[in-house]
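Below is run13.pdb, which holds PDB, C-alpha atoms.
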MODEL        1
ATOM      1  CA  MET A   1      98.077 104.350 130.251
ATOM      2  CA  LYS A   2      99.060 100.919 131.575
ATOM      3  CA  LYS A   3     102.760 100.355 132.206
ATOM      4  CA  ILE A   4     104.857  97.286 131.559
ATOM      5  CA  ASN A   5     108.433  96.934 132.795
ATOM      6  CA  LEU A   6     110.675  94.717 130.700
ATOM      7  CA  GLN A   7     112.638  93.740 133.821
ATOM      8  CA  THR A   8     109.589  92.317 135.641
ATOM      9  CA  SER A   9     109.030  88.568 135.440
ATOM     10  CA  VAL A  10     106.432  87.349 132.969
ATOM     11  CA  TYR A  11     104.599  85.693 135.865
ATOM     12  CA  ASP A  12     104.289  88.998 137.755
ATOM     13  CA  LEU A  13     103.275  90.903 134.620
ATOM     14  CA  ILE A  14     100.470  88.450 133.888
ATOM     15  CA  LYS A  15      99.305  88.470 137.504
ATOM     16  CA  GLN A  16      99.119  92.291 137.359
ATOM     17  CA  ASP A  17      97.233  92.290 134.042
ATOM     18  CA  PRO A  18      95.951  89.004 132.541
ATOM     19  CA  GLU A  19      95.599  90.704 129.115
ATOM     20  CA  ILE A  20      99.396  90.481 128.855
ATOM     21  CA  GLN A  21      99.196  86.692 128.559
ATOM     22  CA  ASN A  22      97.009  86.928 125.441
ATOM     23  CA  ILE A  23      99.349  89.460 123.831
ATOM     24  CA  MET A  24     102.362  87.265 124.541
ATOM     25  CA  VAL A  25     100.693  84.107 123.205
ATOM     26  CA  GLU A  26      99.808  85.972 119.997
ATOM     27  CA  LEU A  27     103.465  87.032 119.696
ATOM     28  CA  GLY A  28     104.621  83.409 119.823
ATOM     29  CA  PHE A  29     105.036  82.688 123.542
ATOM     30  CA  SER A  30     102.570  79.789 123.291
ATOM     31  CA  ASP A  31     104.133  77.991 126.284
ATOM     32  CA  LEU A  32     102.467  80.573 128.530
ATOM     33  CA  LYS A  33      99.083  78.927 127.900
ATOM     34  CA  ASN A  34     100.370  76.096 130.099
ATOM     35  CA  PRO A  35      99.855  77.065 133.775
ATOM     36  CA  ALA A  36     102.801  74.893 134.842
ATOM     37  CA  MET A  37     105.164  76.773 132.502
ATOM     38  CA  LEU A  38     103.856  80.125 133.694
ATOM     39  CA  ASN A  39     104.287  79.126 137.336
ATOM     40  CA  THR A  40     107.844  77.836 136.867
ATOM     41  CA  VAL A  41     109.723  79.417 133.973
ATOM     42  CA  GLY A  42     107.505  82.506 134.059
ATOM     43  CA  ARG A  43     108.730  83.392 137.543
ATOM     44  CA  TYR A  44     112.257  84.169 136.312
ATOM     45  CA  MET A  45     111.686  84.892 132.621
ATOM     46  CA  THR A  46     111.412  88.539 131.574
ATOM     47  CA  LEU A  47     110.174  89.807 128.218
ATOM     48  CA  ALA A  48     113.731  90.650 127.195
ATOM     49  CA  LYS A  49     115.003  87.160 128.073
ATOM     50  CA  GLY A  50     112.011  85.558 126.369
ATOM     51  CA  SER A  51     112.661  87.641 123.274
ATOM     52  CA  ARG A  52     116.166  86.224 122.996
ATOM     53  CA  LEU A  53     115.114  82.668 123.838
ATOM     54  CA  LYS A  54     112.232  82.558 121.346
ATOM     55  CA  LYS A  55     114.068  84.687 118.756
ATOM     56  CA  ILE A  56     111.204  87.173 118.673
ATOM     57  CA  PRO A  57     112.547  90.667 117.975
ATOM     58  CA  MET A  58     112.158  93.006 120.949
ATOM     59  CA  GLU A  59     110.921  95.610 118.503
ATOM     60  CA  LYS A  60     107.966  93.365 117.586
ATOM     61  CA  ILE A  61     107.143  92.838 121.261
ATOM     62  CA  THR A  62     107.360  96.545 122.007
ATOM     63  CA  VAL A  63     105.117  97.456 119.065
ATOM     64  CA  ALA A  64     102.492  94.896 120.165
ATOM     65  CA  PHE A  65     102.366  96.260 123.703
ATOM     66  CA  LEU A  66     102.290  99.883 122.562
ATOM     67  CA  ALA A  67      99.413  99.018 120.205
ATOM     68  CA  ALA A  68      97.560  97.442 123.143
ATOM     69  CA  GLY A  69      97.888 100.686 125.121
ATOM     70  CA  PHE A  70     100.884  99.891 127.308
ATOM     71  CA  GLU A  71     103.767 102.190 128.157
ATOM     72  CA  ILE A  72     107.131 100.384 128.097
ATOM     73  CA  GLU A  73     109.646 100.807 130.928
ATOM     74  CA  GLY A  74     113.057  99.224 131.429
ATOM     75  CA  ALA A  75     113.936  98.969 127.728
ATOM     76  CA  ASP A  76     117.545 100.081 128.216
ATOM     77  CA  HIS A  77     118.581  97.392 130.651
ATOM     78  CA  GLU A  78     118.665  93.955 129.051
TER      79      GLU A  78
ENDMDL
END

Structure translated into structure tokens:
Amino acid sequence: MKKINLQTSVYDLIKQDPEIQNIMVELGFSDLKNPAMLNTVGRYMTLAKGSRLKKIPMEKITVAFLAAGFEIEGADHE
């Protein structure tokens, strides 16, 4: 099973597994389609921070990644 750590930057997550970008765009993180946004904001933004910023419930994000076959790590920290 693939792992995703909620404390890792969005940029690093997408570099490790490009499928993550598609999942995030479907969840409402449409700014990540823009390479400039990914290369700037994505370097310090985590899924937990993005959840708060975009007002997308962390539960919804977690469910989407679990459904895509990911194991979630770091859920207790942010």

Selected residue of minimal separation from Gly74 of chain A among A:Leu13, A:Ile4, A:Leu38, A:Leu32, counting only C-alpha atoms
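So, comparing all the options, the nearest one is A:Ile4.
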
Atomic distance atom CA of Ala36 of chain A - atom CA of Thr62 of chain A, expressed in Å with one decimal:
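Those two atoms sit 25.6 Å apart.
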
I'd like the residues picked by the PyMOL selection byres ((chain A and resi 1) around 10) written out as a list of chain:residue names, using the chain letters and numbers from the file.
A:Lys2, A:Lys3, A:Ile4, A:Leu66, A:Ala68, A:Gly69, A:Phe70, A:Glu71

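The nearest approach to Thr8 of chain A among the residues A:Ser51, A:Ala67, A:Ile61, A:Arg43, with all atoms listed in the file taken into account, belongs to A:Arg43.
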
Nearest to Gly28 of chain A, chosen from A:Ile14, A:Ile56, A:Val63, A:Ile72, with all atoms listed in the file counted in the distances
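Among the listed residues, A:Ile56 lies closest to Gly28 of chain A.
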
Assuming 6 Å of padding per side, give the centre and edge lengths of the axis-aligned box around every listed atom of segment 6-19 of chain A, in Å to one decimal and as JSON.
{"center_x": 104.1, "center_y": 90.2, "center_z": 133.4, "size_x": 29.0, "size_y": 21.0, "size_z": 20.6}

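Taking atom CA of Gln7 of chain A as the reference point, atom CA of Ala48 of chain A is found at 7.4 Å.
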
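Here, the PyMOL selection byres ((chain A and resi 44) around 10) matches Gln7, Thr8, Ser9, Val10, Tyr11, Asp12, Leu38, Asn39, Thr40, Val41, Gly42, Arg43, Met45, Thr46 and Lys49 of chain A.
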
d(atom CA of Gln16 of chain A, atom CA of Met37 of chain A) in Å
17.3 Å

Of the listed residues A:Gly50, A:Asn5, A:Glu19, A:Leu27, that which approaches Ala64 of chain A most closely, counting all atoms listed in the file
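Using all atoms listed in the file, the shortest distance to Ala64 of chain A belongs to A:Leu27.
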
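With only C-alpha atoms as the atoms that count, the residue of A:Lys60, A:Phe65, A:Glu73, A:Pro35 with the shortest distance to Ile23 of chain A is A:Phe65.
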